[in-house]
Amino acid sequence: MDEKILVETKYYKIDKPIKLECGRELKNIQVAYETYGKLNEQRDNAILILHALTADAHAAYYHSHEDKKPGWWDTMIGDNKAFDTKRFFVICSNVLGGCKGTTGPSSINPDTGKEYALDFPVITVNDMVKVQKELIEHLGVKKLIVVGGSMGGMQALEWSIEYPNMVKSTIIIACTPRLTAQGIAFNAVGRNAIISDKNFNNGNYYNSEHPERGLSIARMVGHITYLCEEAMHNKFGRDFKDKPSFDFGVDFQVESYLEHQGRIFVDRFDANSYLYITKAVDYYDPARKYGSLEKAMEKTNSRFLIISFSSDWLFSTEQAKIMADALIKNNKEVSFVELKSACGHDAFLIEWEKQTKIIESFLKG
Amino acid sequence: MLNYSAIIQLVKEKSKILDLGCGSGALFKMLIDKKQVTGVGIEIDENCVIEALEKGLSIIQGDLDKGLKQFPDKCFDYAILNQTLQSTNNPEYVMEEMLRVAKRSIVSFPNFAYWKVRFYLFFKGKMPKSKVLPYEWYNTPNIHLLTVNDFFEFCKKRGIKIEESIYLTRKKARSGILIRTITNFFTEEAVFVITK
């Protein structure tokens, strides 16, 4: 890549209050988003990219020529890439409850003039999607393709269920229609680490020390679940950083990796957002809401592509197949692929070559 | 491909099909183009799945030997098992499942009692190889080879009804049953429509 294509994060303020699933209303919602490519005259060539737990609206390109890294899914978005910007108008927005420009617990509550902190309502995947719908309408999009990995897949699924007349195609990657008890357990450990941090102060830490240790431990736990045994073995084995220290510092490469991931995470993420978003993931369960997943998917009106990764134990192939099966029972058009990978759940961000082939084929078909 | 045209000819227009072990979807695509069918294919191989997707087909990656639990009873007009029966681990279960999910099933397989196959074994004393059986004994996916007579016996024992049969030899296709022994001797590939 010689030339860096630049993009700017834009902001849209929703001028009406949004009624949330918990019953509360949220006003003055701001949505951070980026777009790549152009909307056609029919306004039907849009692809909405839905991000995972801790990502943001910056999915592709660079913010400045000095940037070392492009957006988080730059391997997939651009001219002649899986989401071809020559053909499609690609949109990515930060989720509700996030801390990357869209309203969340670290935003200022207009009623108090202070950060919401834990006064922020508990949000759901459905609420995230509702907010995205406002943005999509603002951008003038009539029909779209929705795509997401992990929590992004949940949003894509929710889009297909809630707005069947807008969604033409749905691509769900490394995802489950409901987190397993094991998945909830890991999220609970992460939240506990944050809440027990001495700096947490019931969420009111914005003007003092942040609960950094708690947040970094939450991230460390997260990273264990994003990898798998094979990936960890390949990356670190039992290698020492140096040699056994005979104390309780960081000895092993794998420890050092987790420490590093935890440390860099606190600079870019808000602990309260982590609480809210993991909760939304835990709650997500269309089968419970509609009685069964089949019932939930009854009204969907889109083609589906579901991709899982063989070594992903957090959002496993079995989980992904539940969605494919429910769609089949509803007589919907669905394709399902399990890609071989040793990268665990993280594969959806790493294995872009295989995904590109599959997604290109699906979008061509 | 003779067996393709035989199968295409058997399928009614606009029916809903399930193509089991559809490979890269060549037959499935032809059925869509020529008979306007709808439906879904199942294939185990990742690369084949990608090729099938490129053709615009609905494909579920999966293992036939694990059954078709996701499909309700009789939800397809046809289930097609083209040149795949002999390479399943559990042909009996696969057949049961296809008969359950589809109103009619189309099964095709290479006939191991074809005279050339018999002569190959008889004269060369080696595992037969041919155009339809191109593998060596040690790398063949065909672990459950069978003959036309075996198939008749199999269906009779299980109360499976053979609705139609097409016998293929080189460039010729014949339908109906001649004298069974002769048919078994001269058929290179067989295509059956079965129901239960």
# chains A, B, ... in the order shown; residues from 1 in each chain; ligands from 1

$ closest_atom_pairs --of "chain B" --to "chain A" --cutoff "8 Å" --atoms "only C-alpha atoms" --output "CSV"
residue,atom,partner,partner_atom,distance
B:Glu46,CA,A:Leu339,CA,7.0
B:Val49,CA,A:Val337,CA,7.3
B:Ile50,CA,A:Ile358,CA,5.7
B:Glu51,CA,A:Ser361,CA,7.8
B:Leu53,CA,A:Ser361,CA,5.4
B:Glu54,CA,A:Ser361,CA,4.1
B:Lys55,CA,A:Gly365,CA,6.0
B:Gly56,CA,A:Gly365,CA,3.5
B:Leu57,CA,A:Gly365,CA,7.0
B:Ser58,CA,A:Ser335,CA,5.0
B:Ile59,CA,A:Ser335,CA,4.6
B:Ile60,CA,A:Phe336,CA,4.5
B:Gln61,CA,A:Val337,CA,5.1
B:Gln70,CA,A:Asp325,CA,5.2
B:Phe71,CA,A:Lys329,CA,6.4
B:Pro72,CA,A:Lys329,CA,7.0

$ write_last_selection --atoms "N, CA and C atoms" --output "PDB file, in the first residue's frame"
ATOM      1  N   GLU B  46     -14.449 -27.588   1.975  1.00  0.00           N
ATOM      2  CA  GLU B  46     -14.436 -26.115   2.022  1.00  0.00           C
ATOM      3  C   GLU B  46     -14.290 -25.477   0.633  1.00  0.00           C
ATOM      4  N   VAL B  49     -17.362 -25.794  -1.399  1.00  0.00           N
ATOM      5  CA  VAL B  49     -18.394 -24.893  -0.886  1.00  0.00           C
ATOM      6  C   VAL B  49     -18.197 -23.492  -1.470  1.00  0.00           C
ATOM      7  N   ILE B  50     -16.965 -23.041  -1.500  1.00  0.00           N
ATOM      8  CA  ILE B  50     -16.671 -21.711  -2.048  1.00  0.00           C
ATOM      9  C   ILE B  50     -17.053 -21.648  -3.526  1.00  0.00           C
ATOM     10  N   GLU B  51     -16.674 -22.694  -4.280  1.00  0.00           N
ATOM     11  CA  GLU B  51     -17.023 -22.717  -5.709  1.00  0.00           C
ATOM     12  C   GLU B  51     -18.532 -22.706  -5.917  1.00  0.00           C
ATOM     13  N   LEU B  53     -20.757 -21.439  -3.850  1.00  0.00           N
ATOM     14  CA  LEU B  53     -21.243 -20.098  -3.496  1.00  0.00           C
ATOM     15  C   LEU B  53     -21.066 -19.146  -4.673  1.00  0.00           C
ATOM     16  N   GLU B  54     -19.929 -19.289  -5.345  1.00  0.00           N
ATOM     17  CA  GLU B  54     -19.663 -18.447  -6.514  1.00  0.00           C
ATOM     18  C   GLU B  54     -20.720 -18.609  -7.594  1.00  0.00           C
ATOM     19  N   LYS B  55     -21.317 -19.778  -7.651  1.00  0.00           N
ATOM     20  CA  LYS B  55     -22.373 -20.017  -8.635  1.00  0.00           C
ATOM     21  C   LYS B  55     -23.709 -19.466  -8.153  1.00  0.00           C
ATOM     22  N   GLY B  56     -23.708 -18.878  -6.970  1.00  0.00           N
ATOM     23  CA  GLY B  56     -24.939 -18.290  -6.453  1.00  0.00           C
ATOM     24  C   GLY B  56     -25.849 -19.298  -5.770  1.00  0.00           C
ATOM     25  N   LEU B  57     -25.285 -20.445  -5.402  1.00  0.00           N
ATOM     26  CA  LEU B  57     -26.113 -21.494  -4.801  1.00  0.00           C
ATOM     27  C   LEU B  57     -26.190 -21.351  -3.276  1.00  0.00           C
ATOM     28  N   SER B  58     -27.251 -21.873  -2.715  1.00  0.00           N
ATOM     29  CA  SER B  58     -27.356 -21.974  -1.261  1.00  0.00           C
ATOM     30  C   SER B  58     -26.674 -23.265  -0.828  1.00  0.00           C
ATOM     31  N   ILE B  59     -25.663 -23.132  -0.006  1.00  0.00           N
ATOM     32  CA  ILE B  59     -24.877 -24.310   0.368  1.00  0.00           C
ATOM     33  C   ILE B  59     -24.709 -24.376   1.879  1.00  0.00           C
ATOM     34  N   ILE B  60     -24.908 -25.541   2.428  1.00  0.00           N
ATOM     35  CA  ILE B  60     -24.623 -25.752   3.839  1.00  0.00           C
ATOM     36  C   ILE B  60     -23.422 -26.685   3.924  1.00  0.00           C
ATOM     37  N   GLN B  61     -22.369 -26.215   4.576  1.00  0.00           N
ATOM     38  CA  GLN B  61     -21.229 -27.099   4.746  1.00  0.00           C
ATOM     39  C   GLN B  61     -21.564 -28.105   5.842  1.00  0.00           C
ATOM     40  N   GLN B  70     -31.631 -31.144  10.639  1.00  0.00           N
ATOM     41  CA  GLN B  70     -32.209 -29.794  10.537  1.00  0.00           C
ATOM     42  C   GLN B  70     -33.398 -29.723   9.583  1.00  0.00           C
ATOM     43  N   PHE B  71     -33.586 -30.782   8.787  1.00  0.00           N
ATOM     44  CA  PHE B  71     -34.668 -30.738   7.800  1.00  0.00           C
ATOM     45  C   PHE B  71     -35.890 -31.519   8.289  1.00  0.00           C
ATOM     46  N   PRO B  72     -37.052 -30.870   8.219  1.00  0.00           N
ATOM     47  CA  PRO B  72     -38.281 -31.590   8.599  1.00  0.00           C
ATOM     48  C   PRO B  72     -38.613 -32.687   7.582  1.00  0.00           C
TER      49      PRO B  72
END

$ select_by_dssp --residues "region 100-331 of chain A" --states "strand (DSSP E)" --output "number ranges by chain"
A: 144-149, 167-173, 303-309

$ select_by_dssp --residues "region 23-158 of chain B" --states "helix (DSSP H, G or I)" --output "MDAnalysis selection string"
chainID B and resid 26:35 46:54 64:66 85:87 91:101 115:124 148:157

$ atom_distance --atom1 "CA of Ile80 (chain B)" --atom2 "CA of Glu188 (chain B)"
18.9 Å

$ residues_around --residues "Tyr61 (chain A)" --least-positions-apart "4" --cutoff "7 Å" --atoms "only C-alpha atoms" --output "number ranges by chain"
A: 4-7, 70-71, 74

$ residues_around --residues "Asp63 (chain B)" --least-positions-apart "4" --cutoff "8 Å" --atoms "only C-alpha atoms" --output "mmCIF file with N, CA, C and O atoms, in the first residue's frame"
data_model
loop_
_atom_site.group_PDB
_atom_site.id
_atom_site.type_symbol
_atom_site.label_atom_id
_atom_site.label_comp_id
_atom_site.auth_asym_id
_atom_site.auth_seq_id
_atom_site.Cartn_x
_atom_site.Cartn_y
_atom_site.Cartn_z
ATOM 1 N N ILE B 42 -25.629 -29.678 0.138
ATOM 2 C CA ILE B 42 -24.790 -29.959 1.301
ATOM 3 C C ILE B 42 -23.461 -30.502 0.798
ATOM 4 O O ILE B 42 -23.438 -31.375 -0.073
ATOM 5 N N GLU B 43 -22.385 -29.956 1.318
ATOM 6 C CA GLU B 43 -21.071 -30.383 0.854
ATOM 7 C C GLU B 43 -20.090 -30.257 2.022
ATOM 8 O O GLU B 43 -20.153 -29.312 2.794
ATOM 9 N N ILE B 44 -19.172 -31.208 2.106
ATOM 10 C CA ILE B 44 -18.254 -31.232 3.248
ATOM 11 C C ILE B 44 -16.968 -30.441 2.971
ATOM 12 O O ILE B 44 -16.378 -29.868 3.874
ATOM 13 N N GLY B 67 -26.249 -36.985 9.412
ATOM 14 C CA GLY B 67 -27.703 -36.918 9.291
ATOM 15 C C GLY B 67 -28.201 -35.573 8.796
ATOM 16 O O GLY B 67 -27.426 -34.655 8.549
#

$ atom_distance --atom1 "CA of Asn184 (chain B)" --atom2 "CA of Tyr135 (chain B)"
21.9 Å
